[in-house]
Every structure is written in structure tokens, then in C-alpha cells.
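Structure below is structure_33.txt: compact mmCIF, C-alpha atoms.
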```txt
# COMPACT_ATOMS: atom_id res chain seq x y z
CA MET A 590 49.96 -2.41 34.33
CA ALA A 591 52.03 -0.57 31.80
CA ASP A 592 51.68 3.15 31.52
CA ASP A 593 50.51 3.13 27.90
CA GLN A 594 47.69 0.65 28.67
CA LYS A 595 46.54 2.66 31.62
CA SER A 596 46.38 5.86 29.65
CA SER A 597 44.27 4.29 26.90
CA LEU A 598 41.42 3.71 29.37
CA GLU A 599 41.22 7.36 30.29
CA LEU A 600 39.08 9.62 28.22
CA PRO A 601 41.34 11.71 25.99
CA ILE A 602 41.08 15.45 26.17
CA VAL A 603 40.46 16.74 22.67
CA ASN A 604 41.70 20.21 21.89
CA GLY A 605 41.94 20.77 25.60
CA ASN A 606 38.13 20.76 25.92
CA PRO A 607 36.63 17.63 27.49
CA GLN A 608 33.08 19.05 27.04
CA ASN A 609 33.21 18.50 23.31
CA ILE A 610 31.24 15.26 23.28
CA GLU A 611 31.00 14.90 19.52
CA GLU A 612 34.74 15.00 19.06
CA LEU A 613 35.17 12.58 21.94
CA ARG A 614 32.84 10.14 20.23
CA GLU A 615 34.81 10.29 17.05
CA ASP A 616 37.97 9.54 18.96
CA VAL A 617 36.96 6.66 21.20
CA GLY A 618 33.56 5.58 19.88
CA PRO A 619 30.70 4.45 22.11
CA LEU A 620 31.59 2.55 25.29
CA VAL A 621 28.75 0.06 24.77
CA HIS A 622 27.97 -1.16 21.27
CA LEU A 623 24.24 -1.49 20.60
CA ASP A 624 24.61 -1.01 16.87
CA SER A 625 24.73 -4.75 16.16
CA LEU A 626 21.39 -5.27 17.88
CA GLU A 627 19.92 -2.22 16.21
CA ASN A 628 21.11 -3.41 12.80
CA LEU A 629 19.59 -6.81 13.41
CA LEU A 630 16.28 -5.23 14.40
CA ASN A 631 16.37 -3.00 11.34
CA GLN A 632 16.82 -6.02 9.10
CA ALA A 633 13.73 -7.55 10.70
CA ARG A 634 11.76 -4.32 10.47
CA ALA A 635 12.62 -3.83 6.81
CA ARG A 636 11.45 -7.33 5.90
CA SER A 637 8.14 -7.27 7.76
CA LEU A 638 6.58 -3.92 6.94
CA TRP A 639 3.00 -4.29 8.00
CA PRO A 640 0.87 -1.60 6.34
CA LEU A 641 -2.25 -0.11 7.81
CA THR A 642 -5.49 -1.11 6.06
CA PHE A 643 -6.19 2.40 4.95
CA GLY A 644 -7.17 3.77 1.56
CA LEU A 645 -8.14 7.35 0.84
CA ALA A 646 -9.17 7.26 -2.83
CA CYS A 647 -8.50 5.58 -6.16
CA CYS A 648 -4.80 4.85 -5.48
CA ALA A 649 -6.05 2.41 -2.85
CA ILE A 650 -7.34 0.22 -5.68
CA GLU A 651 -3.78 -0.13 -6.97
CA MET A 652 -2.62 -0.76 -3.41
CA MET A 653 -5.18 -3.59 -3.16
CA ALA A 654 -4.00 -4.93 -6.51
CA ALA A 655 -0.44 -4.92 -5.17
CA GLY A 656 -1.59 -6.91 -2.17
CA ALA A 657 -3.60 -9.43 -4.17
CA ALA A 658 -2.39 -12.61 -5.86
CA ARG A 659 -1.04 -11.24 -9.13
CA PHE A 660 1.55 -8.97 -7.51
CA ASP A 661 1.45 -10.33 -3.96
CA LEU A 662 3.02 -8.00 -1.40
CA ASP A 663 3.48 -11.03 0.86
CA ARG A 664 6.52 -11.96 -1.21
CA ILE A 665 8.41 -9.13 0.49
CA GLY A 666 6.68 -9.47 3.85
CA ALA A 667 4.54 -6.36 3.41
CA GLY A 668 1.21 -8.01 2.69
CA VAL A 669 -0.06 -8.20 6.24
CA PHE A 670 -2.50 -5.31 6.16
CA ARG A 671 -3.39 -4.60 9.76
CA PRO A 672 -6.92 -3.51 10.64
CA SER A 673 -5.63 -1.67 13.71
CA ALA A 674 -3.18 1.20 13.71
CA ARG A 675 -1.68 -0.24 16.90
CA GLN A 676 -0.23 -3.16 14.93
CA ALA A 677 0.90 -1.30 11.81
CA ASP A 678 4.39 -0.17 10.83
CA VAL A 679 3.81 1.76 7.64
CA MET A 680 1.01 4.06 6.56
CA ILE A 681 0.46 4.02 2.80
CA LEU A 682 -1.33 7.29 2.03
CA ALA A 683 -3.14 6.12 -1.09
CA GLY A 684 -5.32 8.83 -2.58
CA THR A 685 -6.59 12.37 -2.38
CA ILE A 686 -6.60 13.81 1.12
CA SER A 687 -9.66 15.95 1.66
CA ARG A 688 -9.45 18.54 4.40
CA LYS A 689 -12.12 16.70 6.34
CA MET A 690 -9.75 13.70 6.60
CA ILE A 691 -6.94 15.64 8.31
CA ASP A 692 -8.04 14.81 11.85
CA PRO A 693 -8.67 11.07 11.26
CA ILE A 694 -5.27 10.72 9.56
CA LYS A 695 -3.51 12.52 12.40
CA THR A 696 -5.29 10.27 14.90
CA LEU A 697 -4.30 7.10 13.02
CA TRP A 698 -0.70 8.26 12.72
CA ASP A 699 -0.54 8.99 16.44
CA GLN A 700 -1.99 5.56 17.21
CA MET A 701 0.76 3.78 15.30
CA PRO A 702 3.64 2.65 17.53
CA SER A 703 7.17 3.76 16.67
CA PRO A 704 9.19 3.02 14.66
CA LYS A 705 6.75 3.93 11.89
CA TRP A 706 7.01 5.08 8.31
CA ALA A 707 4.79 6.76 5.73
CA ILE A 708 4.59 6.31 1.96
CA ALA A 709 2.88 9.02 -0.10
CA MET A 710 1.33 7.18 -3.02
CA GLY A 711 0.18 9.13 -6.08
CA GLY A 712 0.18 12.71 -7.27
CA CYS A 713 -2.49 13.89 -4.82
CA THR A 714 -0.40 12.99 -1.80
CA ILE A 715 2.72 14.54 -3.28
CA ASP A 716 1.37 18.05 -3.85
CA GLY A 717 -2.37 17.91 -4.47
CA GLY A 718 -2.07 16.56 -8.00
CA PRO A 719 -4.90 17.32 -10.42
CA PHE A 720 -7.03 18.94 -7.69
CA LYS A 721 -4.58 21.71 -6.95
CA TYR A 722 -5.44 25.20 -8.16
CA PRO A 723 -5.27 28.67 -6.65
CA GLY A 724 -8.01 29.12 -4.07
CA GLN A 725 -9.12 25.50 -3.90
CA TYR A 726 -11.10 24.72 -0.76
CA ALA A 727 -11.33 20.94 -0.62
CA ILE A 728 -8.02 19.11 -0.39
CA VAL A 729 -4.67 19.03 1.39
CA GLU A 730 -1.83 19.83 -0.97
CA GLY A 731 0.58 17.11 0.01
CA ALA A 732 0.58 14.39 2.66
CA ASP A 733 3.78 15.84 4.13
CA LYS A 734 1.70 18.70 5.51
CA ILE A 735 0.16 16.17 7.92
CA VAL A 736 2.63 13.30 8.50
CA PRO A 737 6.40 12.92 7.89
CA VAL A 738 6.69 11.09 4.55
CA ASP A 739 9.58 8.72 3.85
CA VAL A 740 8.97 7.74 0.23
CA TYR A 741 7.02 9.49 -2.52
CA VAL A 742 5.55 7.46 -5.37
CA PRO A 743 4.62 9.50 -8.45
CA GLY A 744 1.83 8.35 -10.73
CA CYS A 745 -1.90 8.79 -11.17
CA PRO A 746 -2.29 6.18 -9.92
CA PRO A 747 1.10 4.45 -9.64
CA ARG A 748 1.13 0.87 -10.84
CA PRO A 749 1.63 -1.88 -8.23
CA GLU A 750 5.23 -2.22 -9.40
CA ALA A 751 5.81 1.39 -8.37
CA LEU A 752 4.46 0.65 -4.90
CA PHE A 753 6.84 -2.30 -4.72
CA ALA A 754 9.71 -0.02 -5.71
CA ALA A 755 8.67 2.37 -2.93
CA LEU A 756 8.69 -0.44 -0.39
CA PHE A 757 12.14 -1.54 -1.58
CA LYS A 758 13.31 2.04 -1.19
CA LEU A 759 11.86 2.14 2.30
CA GLU A 760 13.62 -1.13 3.10
CA GLU A 761 16.92 0.41 2.02
CA LYS A 762 16.24 3.38 4.22
CA ILE A 763 15.38 1.28 7.26
CA LYS A 764 18.35 -1.06 6.82
CA ALA A 765 20.72 1.88 6.51
CA GLY A 766 19.54 3.08 9.92
CA LYS A 767 21.19 6.26 11.05
CA ASN A 768 23.76 5.93 8.25
CA PHE A 769 20.99 6.74 5.77
CA GLN A 770 22.11 9.30 3.22
CA LYS A 771 19.54 11.19 1.23
CA MET B 310 -49.70 18.16 -18.72
CA SER B 311 -52.42 18.52 -16.14
CA LEU B 312 -50.56 17.02 -13.20
CA LEU B 313 -49.87 20.35 -11.51
CA ALA B 314 -52.71 22.31 -13.10
CA ASN B 315 -54.67 22.81 -9.89
CA ILE B 316 -51.83 24.10 -7.75
CA ASP B 317 -51.51 27.82 -7.14
CA GLY B 318 -48.03 29.13 -7.62
CA VAL B 319 -47.12 27.03 -10.65
CA ARG B 320 -46.40 30.02 -12.82
CA GLU B 321 -45.44 28.34 -16.01
CA THR B 322 -45.31 24.85 -17.43
CA THR B 323 -43.57 24.22 -20.71
CA ASP B 324 -42.94 21.06 -22.67
CA ILE B 325 -39.33 20.38 -23.56
CA ASP B 326 -37.85 18.29 -26.34
CA HIS B 327 -36.75 15.25 -24.38
CA SER B 328 -34.32 14.04 -27.02
CA ALA B 329 -32.46 17.36 -26.86
CA GLN B 330 -32.75 18.32 -23.18
CA GLY B 331 -33.38 15.08 -21.35
CA PHE B 332 -36.58 16.39 -19.74
CA HIS B 333 -40.23 16.31 -20.75
CA HIS B 334 -41.59 19.25 -18.77
CA LEU B 335 -40.29 22.36 -17.04
CA HIS B 336 -42.24 23.96 -14.21
CA VAL B 337 -41.42 27.39 -12.84
CA ILE B 338 -42.98 27.70 -9.40
CA THR B 339 -43.12 30.08 -6.45
CA LEU B 340 -41.99 29.49 -2.89
CA ASP B 341 -45.47 28.58 -1.59
CA ALA B 342 -46.02 25.96 -4.26
CA LEU B 343 -42.96 23.83 -3.55
CA VAL B 344 -44.48 21.61 -0.85
CA PRO B 345 -47.81 20.97 -2.68
CA VAL B 346 -45.96 20.34 -5.95
CA THR B 347 -43.62 17.89 -4.26
CA GLN B 348 -46.55 16.19 -2.54
CA THR B 349 -48.32 15.83 -5.89
CA PHE B 350 -45.26 14.23 -7.46
CA PHE B 351 -44.94 11.90 -4.46
CA ASP B 352 -48.63 10.89 -4.62
CA ASN B 353 -48.29 10.10 -8.32
CA GLY B 354 -45.37 7.74 -7.86
CA PHE B 355 -42.51 10.04 -8.78
CA TYR B 356 -39.16 9.97 -7.03
CA LEU B 357 -36.73 12.79 -6.40
CA GLU B 358 -33.90 12.24 -8.82
CA MET B 359 -31.72 15.23 -8.06
CA MET B 360 -31.74 18.60 -6.42
CA THR B 361 -29.27 21.42 -6.70
CA CYS B 362 -28.90 25.18 -6.80
CA GLN B 363 -27.58 27.88 -9.10
CA ASP B 364 -25.98 31.10 -7.94
CA ARG B 365 -27.63 33.68 -10.22
CA ARG B 366 -27.24 36.65 -7.90
CA GLU B 367 -25.10 38.63 -10.30
CA ALA B 368 -27.35 38.23 -13.34
CA ASP B 369 -30.84 38.03 -11.84
CA GLY B 370 -30.40 38.66 -8.10
CA ILE B 371 -31.68 35.19 -7.20
CA PHE B 372 -30.75 31.70 -6.17
CA ARG B 373 -32.41 29.13 -8.42
CA LEU B 374 -33.25 25.83 -6.74
CA VAL B 375 -33.53 23.03 -9.26
CA TYR B 376 -35.53 19.88 -8.51
CA GLN B 377 -35.79 16.90 -10.79
CA PHE B 378 -38.65 14.41 -10.45
CA CYS B 379 -38.85 11.22 -12.41
CA THR B 380 -41.08 8.18 -12.77
CA MET B 381 -40.48 4.92 -14.56
CA SER B 382 -44.08 3.69 -14.89
CA THR B 383 -44.97 6.20 -17.61
CA PRO B 384 -41.46 7.39 -18.35
CA GLN B 385 -41.24 11.13 -17.81
CA ARG B 386 -38.95 13.61 -16.13
CA HIS B 387 -40.01 16.92 -14.69
CA LEU B 388 -37.70 19.83 -14.02
CA VAL B 389 -38.82 22.29 -11.35
CA HIS B 390 -37.27 25.73 -11.04
CA LEU B 391 -37.78 27.71 -7.86
CA ASP B 392 -36.26 31.19 -7.82
CA ILE B 393 -35.71 32.58 -4.34
CA ASP B 394 -34.43 35.83 -2.98
CA PRO B 395 -30.90 35.43 -1.53
CA THR B 396 -32.12 36.65 1.87
CA THR B 397 -34.93 34.12 2.23
CA SER B 398 -34.90 30.40 2.91
CA ALA B 399 -36.82 27.67 1.12
CA PRO B 400 -39.19 25.12 2.65
CA SER B 401 -37.65 21.70 3.22
CA ILE B 402 -39.22 18.71 1.47
CA ALA B 403 -37.38 16.17 3.60
CA HIS B 404 -40.65 15.14 5.27
CA ILE B 405 -41.95 14.02 1.85
CA PHE B 406 -38.77 12.70 0.22
CA PRO B 407 -36.28 11.72 2.96
CA ALA B 408 -33.60 11.59 0.25
CA SER B 409 -33.69 15.36 0.05
CA ASP B 410 -32.30 15.59 3.59
CA TRP B 411 -28.67 15.31 2.47
CA LEU B 412 -29.29 17.11 -0.82
CA GLU B 413 -30.58 20.13 1.06
CA ARG B 414 -27.64 19.93 3.43
CA GLU B 415 -25.34 19.98 0.42
CA VAL B 416 -27.07 23.04 -1.03
CA PHE B 417 -26.81 24.70 2.36
CA ASP B 418 -23.14 23.76 2.63
CA MET B 419 -22.16 24.91 -0.85
CA TYR B 420 -24.49 27.91 -1.34
CA GLY B 421 -25.66 28.94 2.13
CA VAL B 422 -29.34 28.58 1.25
CA GLY B 423 -31.40 27.85 4.37
CA PHE B 424 -34.24 25.31 4.53
CA ASP B 425 -37.15 25.72 6.92
CA ASN B 426 -38.20 22.69 8.97
CA HIS B 427 -35.15 20.69 7.93
CA PRO B 428 -34.45 17.91 10.48
CA ASP B 429 -30.69 18.52 10.77
CA LEU B 430 -29.38 21.41 8.70
CA LYS B 431 -25.59 21.43 9.00
CA ARG B 432 -22.58 21.12 6.72
CA ILE B 433 -22.19 17.80 4.94
CA LEU B 434 -19.11 18.04 2.67
CA MET B 435 -16.97 20.70 4.28
CA PRO B 436 -15.57 20.22 7.81
CA GLU B 437 -18.08 21.21 10.47
CA ALA B 438 -15.55 23.65 11.88
CA TYR B 439 -15.36 25.49 8.56
CA PRO B 440 -16.03 29.23 9.09
CA ASP B 441 -19.65 30.35 9.07
CA GLY B 442 -20.70 32.17 5.95
CA ALA B 443 -18.09 30.49 3.75
CA HIS B 444 -19.88 28.56 1.00
CA PRO B 445 -17.50 27.30 -1.70
CA LEU B 446 -19.75 27.27 -4.77
CA LEU B 447 -20.78 30.91 -4.48
CA LYS B 448 -19.40 32.95 -7.36
CA ASP B 449 -17.70 35.41 -5.00
CA PHE B 450 -16.24 32.74 -2.70
CA VAL B 451 -12.77 33.23 -1.25
CA ASP B 452 -11.41 30.43 0.92
CA PRO B 453 -11.07 31.88 4.44
CA GLU B 454 -8.58 29.13 5.38
CA SER B 455 -6.23 29.94 2.53
CA LYS B 456 -2.81 30.83 3.86
CA GLY B 457 -1.91 32.74 0.70
CA GLU B 458 1.50 31.16 0.36
CA ALA B 459 4.18 32.58 -1.85
CA ASP B 460 3.37 30.31 -4.79
CA GLY B 461 -0.20 31.52 -4.77
CA GLN B 462 -1.54 28.16 -3.60
CA SER B 463 -3.71 27.57 -0.60
CA VAL B 464 -2.97 24.83 1.90
```
In C-alpha cells, write the structure found in this file.
Amino acid sequence: MADDQKSSLELPIVNGNPQNIEELREDVGPLVHLDSLENLLNQARARSLWPLTFGLACCAIEMMAAGAARFDLDRIGAGVFRPSARQADVMILAGTISRKMIDPIKTLWDQMPSPKWAIAMGGCTIDGGPFKYPGQYAIVEGADKIVPVDVYVPGCPPRPEALFAALFKLEEKIKAGKNFQK
Amino acid sequence: MSLLANIDGVRETTDIDHSAQGFHHLHVITLDALVPVTQTFFDNGFYLEMMTCQDRREADGIFRLVYQFCTMSTPQRHLVHLDIDPTTSAPSIAHIFPASDWLEREVFDMYGVGFDNHPDLKRILMPEAYPDGAHPLLKDFVDPESKGEADGQSV
């Protein structure tokens, strides 16, 4: 074996510090490539987003309209509303979140298997919307105070097309994987 | 209107212009008269349409409980005002009109007014873990769970 081939198999020492893992990665890359599999899985995940059957208030009516025949979420593989959180991929927070609903929402979110995503639909889930005022006692001012939200949909309520746009956005995010740029 | 004429504690009965106010009669009653008045309405085929409360502590030093009885057979609506001292509780009428069970729970939740002989007096709208003594519709209410964030908004 030639000397130059032999040396290429050894881990290079970057800046004289072999502990610097990040720089090592940049130099030689991962030894085993799982990215292809992960990308494939992400393509599948993005095209079969199963939402949880879960409506909090009036935005849920628009969510139902999006799922029904006129708009038909099934066209993009997101129309399979699951009755169990164990089978769901995406939680569409559709409507005002009252403080009494905090615990049930947390429970449902914890019951969903990873990878999982959340869409905040409507003004109430973005920051409290029309029910937000100093000293209010009834609602949660923003779904992101309870669960990590991936996509926000403004509107009161948003039209079904807006929910579609949110799902497309979420698809982009999932397909981009760890290369996702905000 | 002679419906409540024989009941002690019905202090005042006035006729109201229904087309202007939406009610035919207003009765101002005392604490002792609530159960007999309610029973009379029940016996005469009325139903409990609505019940609520007003926080009038600042102006008059009272809570005003407002009951609304209605019947369809001879269309008429009766408004009943019961003024109570903020330190006392009112008698429950849930044994006569079961519908008042949740209405009284709501008044208790929002105003802190107690009801004697209520089957299950606990909060109904606010979380059960909400701090005792915090009743959101009182005029001097301050949310005890407010974090007082920099933008002046509560959680």
C-alpha cells in the first residue's frame, strides 16, 4: 500500500488538536452515511402528515372544512385525522386555548410519538388574539407557551387555503431536515 | 300579579314595560323568601331561564343575585332580585330546579358567593387548582397567576 493511501485512512489532526470533533467532521465527514435513509424517511414523513383529531375552538371549523371534500386535505396526504395521539404526526392547534386546557394539551403532546410537529392556527394560538388584554384570567397567550410550534398561520380564522399553505411550509421544513434554515 | 302575594319576604313587586325591558314583572325579595318563591314558580309551570349575579359592593355594599323565571303557557317573564350581604351565602335552589346547579357554581366561581345546601359547590369555569379567593368577575379582581411580564401582559 502506498504511503499516501495509508495516510488518508488515518484521522487528520486539525490545528494540532484531535479533540476538536466539529472540525474533524468538516474535514472527513461522517464515517457511515445515514443521510440518504434519513432523507428518504423525511420525504415520506412530509407527504403523510397525519393530524390529530383535535379542535379547540372556531378555527377547528375551518380545519374541518379543509379536510372535507371541497378542499380535501387527502390530496396532500394530510387528511387522515387520527383519533388517537399515538398515531398522529402533527398537532393542529385550532382555536383559543383556555387555561383549563393546558394540561390536556400537554398530555396529548406527550402521547404523540416523535417525530412530531405543531401548527398554531389562528390569532389566538399566535399570541392570544382578540382575547388578550392586560390582566386577563382566561386564556393562554400563545400556543408556543405550551408546545414547540413549527408553523404559525395568521387569520381569524384562517381560510382552508392558509392551512394548506402551512402544511406545505411544514413539508418544506421536514424535507430540509437538519439543513433547514429559518 | 297575585302569584307571589302570599309569600313573606317579597318586598316589592312592580310591573315592567315588556316591550322596553323584556320582562313583565320585577320582584325584590329577601333571603328567606327565595326558596318559597322558587317553589311557587316551579308549581305554576315556570322554568328557570337564567341566573346571575352583580357585584354592587362599591355602590350599595351588596351582591345582587338575579333570577329569571319564564313560562310559555301564558307568556310572561319574571325577574327576581335578591340582595345579599357580601359576607353571607344564599340558599341553593338546585333541589327545585336542577338546572341551577351549574348556574350557582358559575356564580360561586366568578363572584365567590356561597350557596347553602348545594350538592357540589366547586369551580366550573376556572381550573380547579385556581387560587382560593380569586373570583374573576369581582370589580377589584387581580389575577393571582399573572406573571406581570415586561409588556404588561399576563400569561
Counting only C-alpha atoms, closest pick from B:His444, B:His333, B:Arg365, B:Arg320 relative to chain A is B:His444
Kindly provide, as a PyMOL selection string, the residues of chain A having any atom no farther than 8 Å from an atom of chain B, counting all atoms listed in the file.
chain A and resi 688-689+721-730
For range 750-762 of chain A: contacts at 10 Å, all atoms listed in the file, fewer than 2 positions along chain excluded, given as a ChimeraX atom specification
/A:631-638,651-652,655-656,660-662,665,667,679,681,706-711,739-744,746-748,764-771
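The space between CA of Asp317 in chain B and CA of Pro400 in chain B spans 16.0 Å.
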Shell of 9 Å around Tyr356 in chain B, all atoms listed in the file, local chain residues under 5 positions omitted, as number ranges by chain
B: 350-351, 377-380, 406
Can you sort out the box for range 409-425 of chain B, edges along x, y and z, all listed atoms in, 3 Å on every side, with centre and edge lengths in Å to one decimal, as lines of an AutoDock Vina configuration file?
```
center_x = -29.7
center_y = 22.1
center_z = 2.8
size_x = 21.0
size_y = 19.6
size_z = 14.3
```
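Remark: residues at most 10 Å from position (-39.7, 22.9, 4.4) in file coordinates are Leu343, Val344, Ser398, Ala399, Pro400, Ser401, Ile402, Ala403, His404, Ile405, Gly423, Phe424, Asp425, Asn426, His427 and Pro428 of chain B, using all atoms listed in the file.
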Expected answer as an MDAnalysis selection string: all residues with atoms within 12 Å of (-45.3, 18.6, -5.9), only C-alpha atoms:
chainID B and resid 312:319 336:357 376:379 387:391 402 405:406
